[in-house]
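This report refers to the structure that appears directly beneath it.
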Amino acid sequence: MAASPMRKVALRNLAAHKVRLVLTVLSVVLGTAFISGSFIFTDTLQSTFDGIFAGQAKGVDVRVQPKGQQSLGVPDDVVTKISHMDGVKTVAPSVNGPVVLLKDGHAVQTGGAPTFGQSYLPPEKSVAEPEKYIDGTPPAKPGEIAINNGGADRAGLKVGDHTQVLVPSKGNIDVTVSGIYQISGSNTGGFVQILFEDTQARQLFTDGLHVAWVDIAAQPGVKADDLRDQIKDALPEYKVQDADQVRADFKAQLGNALKFINYFLLAFGSIALLVGTFIIYNTFSMLVAQRLRELALLRAVGASRRQISRSVVGESLIVGLIGSALGLAAGVGLAFGLSGLLNAFKLGLPTGTMSLEPRTVVVAIGVGTVVTVLSAYAPARRAAKVPPVEAMRSESNSAGESLRLRTIVGALLAVAGVVLVVLGARGTGGSAASVVGIGAAALILAVLFASPALSRPVVSGLGVLTRPFGPVGRMARNNAIRNPRRTAATAFALTLGLMLVSAIGMLGSSAKASISELVDHGVKADYMLAGPPGGLIGVPLAATDTIKQVPQVKDVVAFHGVALKVDGKQVLGTAPEGPMTKVLDYTMREGTDQLGDDDIMVSETFAADHGWKLGDSVDITSLDYRKFPVTVAGIYKDTQLLQNLVTSMSLYGRTVPVSYQSSFLVLVAAQPGADLPAMRTNLEKATEQYVIVQVQDREDFKGAQGKQIDTLLAILYGLLALAVVIAILGIVNTLALSVVERRREIGMLRAVGMQRPQVRRSIYLESMLIAIFGAVVGVILGIGLGIGFLSTLKDLGIATIAVPWAQIVLMLLASGFVGVLAALWPAIRAARTPPLAAIADL
C-alpha cells in the first residue's frame with residue numbers, strides 16, 4: 001500500500017513534463033530502433049534466402065564435391081569410381097562458373113549479386129528435380145541457354161532472343177535464349193543463373209578433367225544415409241553430403257555472410273544506444289537536481305530513501321518500456337527503409353516478407369529498458385541520500401561537488417590509454433590492433449571521467465568566440481562552465497560521434513594517399529586495365545592478346561590473383577604474365593624474378609616469418625589440399641604491388657580452376673614517343689568487345705579506387721549520422737532542462753531589463769560553446785586513435801597516414817552551427833519566461 005502514493009507521484013511527474021518525457025523517450029527509441037532494425041533486416045534476408053535454398057538439391061540422395069571452395073573439382077576418374085559403387089543408380093556430374101550476361105553489348109547490372117553459368121542435364125541423365133519452365137524449353141545444343149526468370153526480367157530477354165555471355169577464360173560466347181525457368185523461393189533479387197548444354201558447359205568451365213560436383217541417386221531399397229556413409233568412407237578427401245546437409249551448408253555459408261552485416265549494423269546501434277545512455281543519464285541527473293526540494297518534502301512527510309529511489313527508477317522504467325516499444329516499431333520501419341534504399345541502388349538483394357523473430361522483441365525491449373533503468377539508478381541513489389533539510393535549503397548541489405576523484409581516475413586512464421595506443425601502433429596485424437583498441441577504450445573512459453574538469457579551462461578558452469557579444473557572451477560562457485558535470489555529459493555524446501567520424505575520415509584519406517603513393521612510385525605503366533570493382537570476374541584472359549596488337553603498345557603484363565595455403569593458413573599471391581620489371585618498380589633483395597614452372601618469390605617479411613631462405617625447397621598447398629613442392633627463387637623488398645608471394649603462370653594454371661581464371665589488372669606500357677591519347681582510344685576500341693574492361697590512366701585508376709573508398713565511407717557516415725542526431729537531441733534536452741532549472745534567474749534578468757533577443761542569444765552561445773567543446777575533444781581523440789589504428793594496417797597497404805584537415809575544420813564549424821540549431825527551441829522557451837511569475841516561482 002505504501003508504494004501506491006509514490007507510484008502516483010512518479011506517474012504525475014511524467015504527465016506534468018510531457019516535452020521532457022518525449023525527448024528522453026526519443027533517445028531510447030533511436031538506439032533500440034537501430035538494434036531491432038538490424039535483426040529484422042538480416043532475419044528477413046536469411047528467411048528469404050532460406051526459401052530460395054529450399055529448392056536446392058531436391059531429389060538428390062548424395063552429393064560429392066571438393067572440400068575447398070575454389071578447387072579444380074572432382075576428377076573424372078573419381079566420377080567413374082562413384083558410378084561403379086554398390087547402391088548407386090545414377091550419377092549426374094555438374095559444372096559451373098562465374099559469367100557476365102550481356103544485352104545489346106552492355107553488361108546486365110545485377111547490383112553485386114552473382115551471375116553463374118551451369119550445365120544442364122536432361123531428365124534421363126539428371127538426379128535433381130527438373131526446373132519449372134515458364135516459357136520455352138531447356139538448352140538442347142551448344143549455343144542455347146536457359147535463364148532464370150529474375151535474370152531474364154533484369155536483362156529484358158525473352159525466348160528466341162540472341163545475346164552474348166562473357167566467360168572470363170574464353171571470352172564472348174554467342175547464345176540464343178531457348179527457355180526461361182523459375183527458381184523456387186521468393187524474389188531472387190539480382191541473382192542470374194544461366195544453363196548451358198552439358199558439353200558446352202564443360203568446354204567453358206572446366207579443364208576437361210574435372211567436374212564441380214556429382215549428384216547421386218540411390219538404387220531402390222538403398223537408404224540415402226547408408227549410401228552417403230559408404231561413399232564418405234571410400235572418398236574421405238571429399239565433402240560427401242545428403243540433400244539436407246547440402247541445404248544446411250548453403251544456409252550456414254549465407255548465415256556467416258549475413259552475420260558480418262548484422263554485427264556491422266549492431267555496432268552502430270550500440271554506439272547510438274551508448275550515446276543515448278549518456279543523454280538519459282544526464283537527463284535524470286538534472287531532473288533529480290531540479291526536484292530535490294520536492295523529494296525532500298516527500299522525505300519530510302514520511303517517504304523512505306528506498307521509496308524515493310523506487311520513484312525515480314520507476315519513472316525510468318516507464319520511459320524505457322515506452323521507448324523500447326516505440327523503438328521496436330521504428331526498427332520495422334528502419335528495416336523496410338534500409339531494404340528499399342538498397343534496392344533503389346540496385347544492389348540485387350532478394351526481397352521477401354519482413355521477419356520479426358521473438359528474439360528481436362526480447363532484445364529490443366530488454367536492452368532499451370535495462371539501459372534506461374541503469375542510467376537512472378545512480379541519480380536515484382544520490383537523490384535518496386540527500387538529507388531533507390539540506391535539500392530544501394538548496395535547489396542543486398551537484399554543480400559544486402568535488403571533481404578531484406574522477407579527474408584523478410581519468411588522468412590515470414589517459415596515461416594507460418596513451419601508452420597502450422603507442423605500443424600497439426608499433427606493431428601490425430590483429431594483435432596490435434587489439435592493443436590499440438584496449439587503449440582506445442581507456443582513453444574514451446578517461447574523457448568520460450576527466451571531461452568535467454577539462455570543460456572549465458577549455459570552455460573558458462573558447463569564450464573568446466563570444467567576446468564580440470559583450471555581457472551576453474560572458475553570461476553564456478559562465479553558464480556553460482557553471483555546472484561542469486552537465487556540460488561534459490552533454491558534450492560527450494557529440495565527442496563520441498565526432499571521434500568516430502574523424503577516425504573514419506583519416507582511414508579514407510590515408511587509404512587514398514597510400515594508393516596514390518603506390519601508383520606514383522611503383523607503377524611504370526602508362527595505362528591500367530581492370531574489371532568491375534568487387535566482382536568475381538576481372539579482365540578476361542583473351543583481352544591480354546588483344547591488347548598486344550594495339551599500335552604503339554610496347555609491353556603488356558597481366559596480373560592474376562592466386563590463393564594458396566602455407567602452413568595451413570591462406571595466403572594471397574600474384575601470378576604475373578610477362579616481364580614485371582617493364583611495368584613495376586620493385587626491389588629484389590636476393591635471387592631472381594625470372595621464375596621457372598616450380599619457382600616462387602616471396603617478400604622479405606614473409607620469408608623471415610616462415611624461416612625461408614633463397615634456394616629452399618618448400619611445400620605450398622592449393623585450396624583443394626593438393627601439395628606442390630616449389631623452390632624459393634627470389635626474395636623481394638616488401639611491397640603491396642606484389643603482396644607476399646609471386647608464383648609462375650604454370651603454378652597458377654595448376655591451382656586455380658579454369659572457370660575462375662582472369663586478370664585482376666593488366667598494365668600497359670607505351671613505346672617511346674607514343675601518342676598516348678590516340679593509344680588510349682585504340683585500347684578502348686580493342687577491349688570494347690569485353691564490355692566490363694575499363695581503360696584507365698594513373699589518375700583515373702586512383703580516382704576509381706578513391707570512389708570505392710568514398711562509397712564505403714558514405715555508408716559509415718550515414719550510420720554515424722544517427723549518433724550525431726542523438727547528440728543534437730541530447731543538447732536540446734539538456735538546454736531545455738537547464739532553462740527550467742534557471743527559470744528564476746532568467747526571470748530576474750528579464751525584470752532588470754534583459755531583452756528577449758538577448759536571452760535567446762545567450763542560450764545560443766552557451767549551446768555553441770558546449771558543442772564546440774565536445775567537437776574539439778572528439779576530433780583530438782579521433783586523430784590520436786586514427787593514427788594508432790592506421791599504424792597497425794601497414795601490412796594491408798596503409799603505408800601513408802593522412803589527416804583530412806579541411807574536413808576537420810569543416811566539422812568544427814558545423815559543430816558550432818549544430819549547437820545553435822539545437823538551442824533554437826530551448827532559447828525561444830527561455831525568452832518567453834514571464835519575469836514576475838518566474839521570480840515568484842519556488
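Lettering and numbering for the C-alpha cells are positional, with chains as A, B, ... in the shown order, residues counted from 1 in each chain, and ligands counted from 1 in the shown order.
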
Within 8 Å of A:Met588 using only C-alpha atoms, minus same-chain residues under 5 positions, as a list in words: Asp593, Gly634, Ile635, Tyr636 and Lys637 of chain A

Those of stretch 623-823 of chain A in DSSP alpha helix (DSSP H), formatted as a PyMOL selection string: chain A and resi 649-655+676-687+698-741+743-751+756-791+805-822

Distance query stretch 484-500 of chain A at most 8 Å, only C-alpha atoms, self and fewer than 2 positions along chain excluded, as an MDAnalysis selection string: chainID A and resid 275:276 278:279 282 286 399 448 451:453 455:456 480:482 502:504 720 723:724 726:728 730:731 734 770:771 773:783

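Going from atom CA of A:Phe817 over to atom CA of A:Asn479, you cover 18.8 Å.
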
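Picture a line from atom CA of A:Pro138 to atom CA of A:Tyr181; it runs 8.6 Å.
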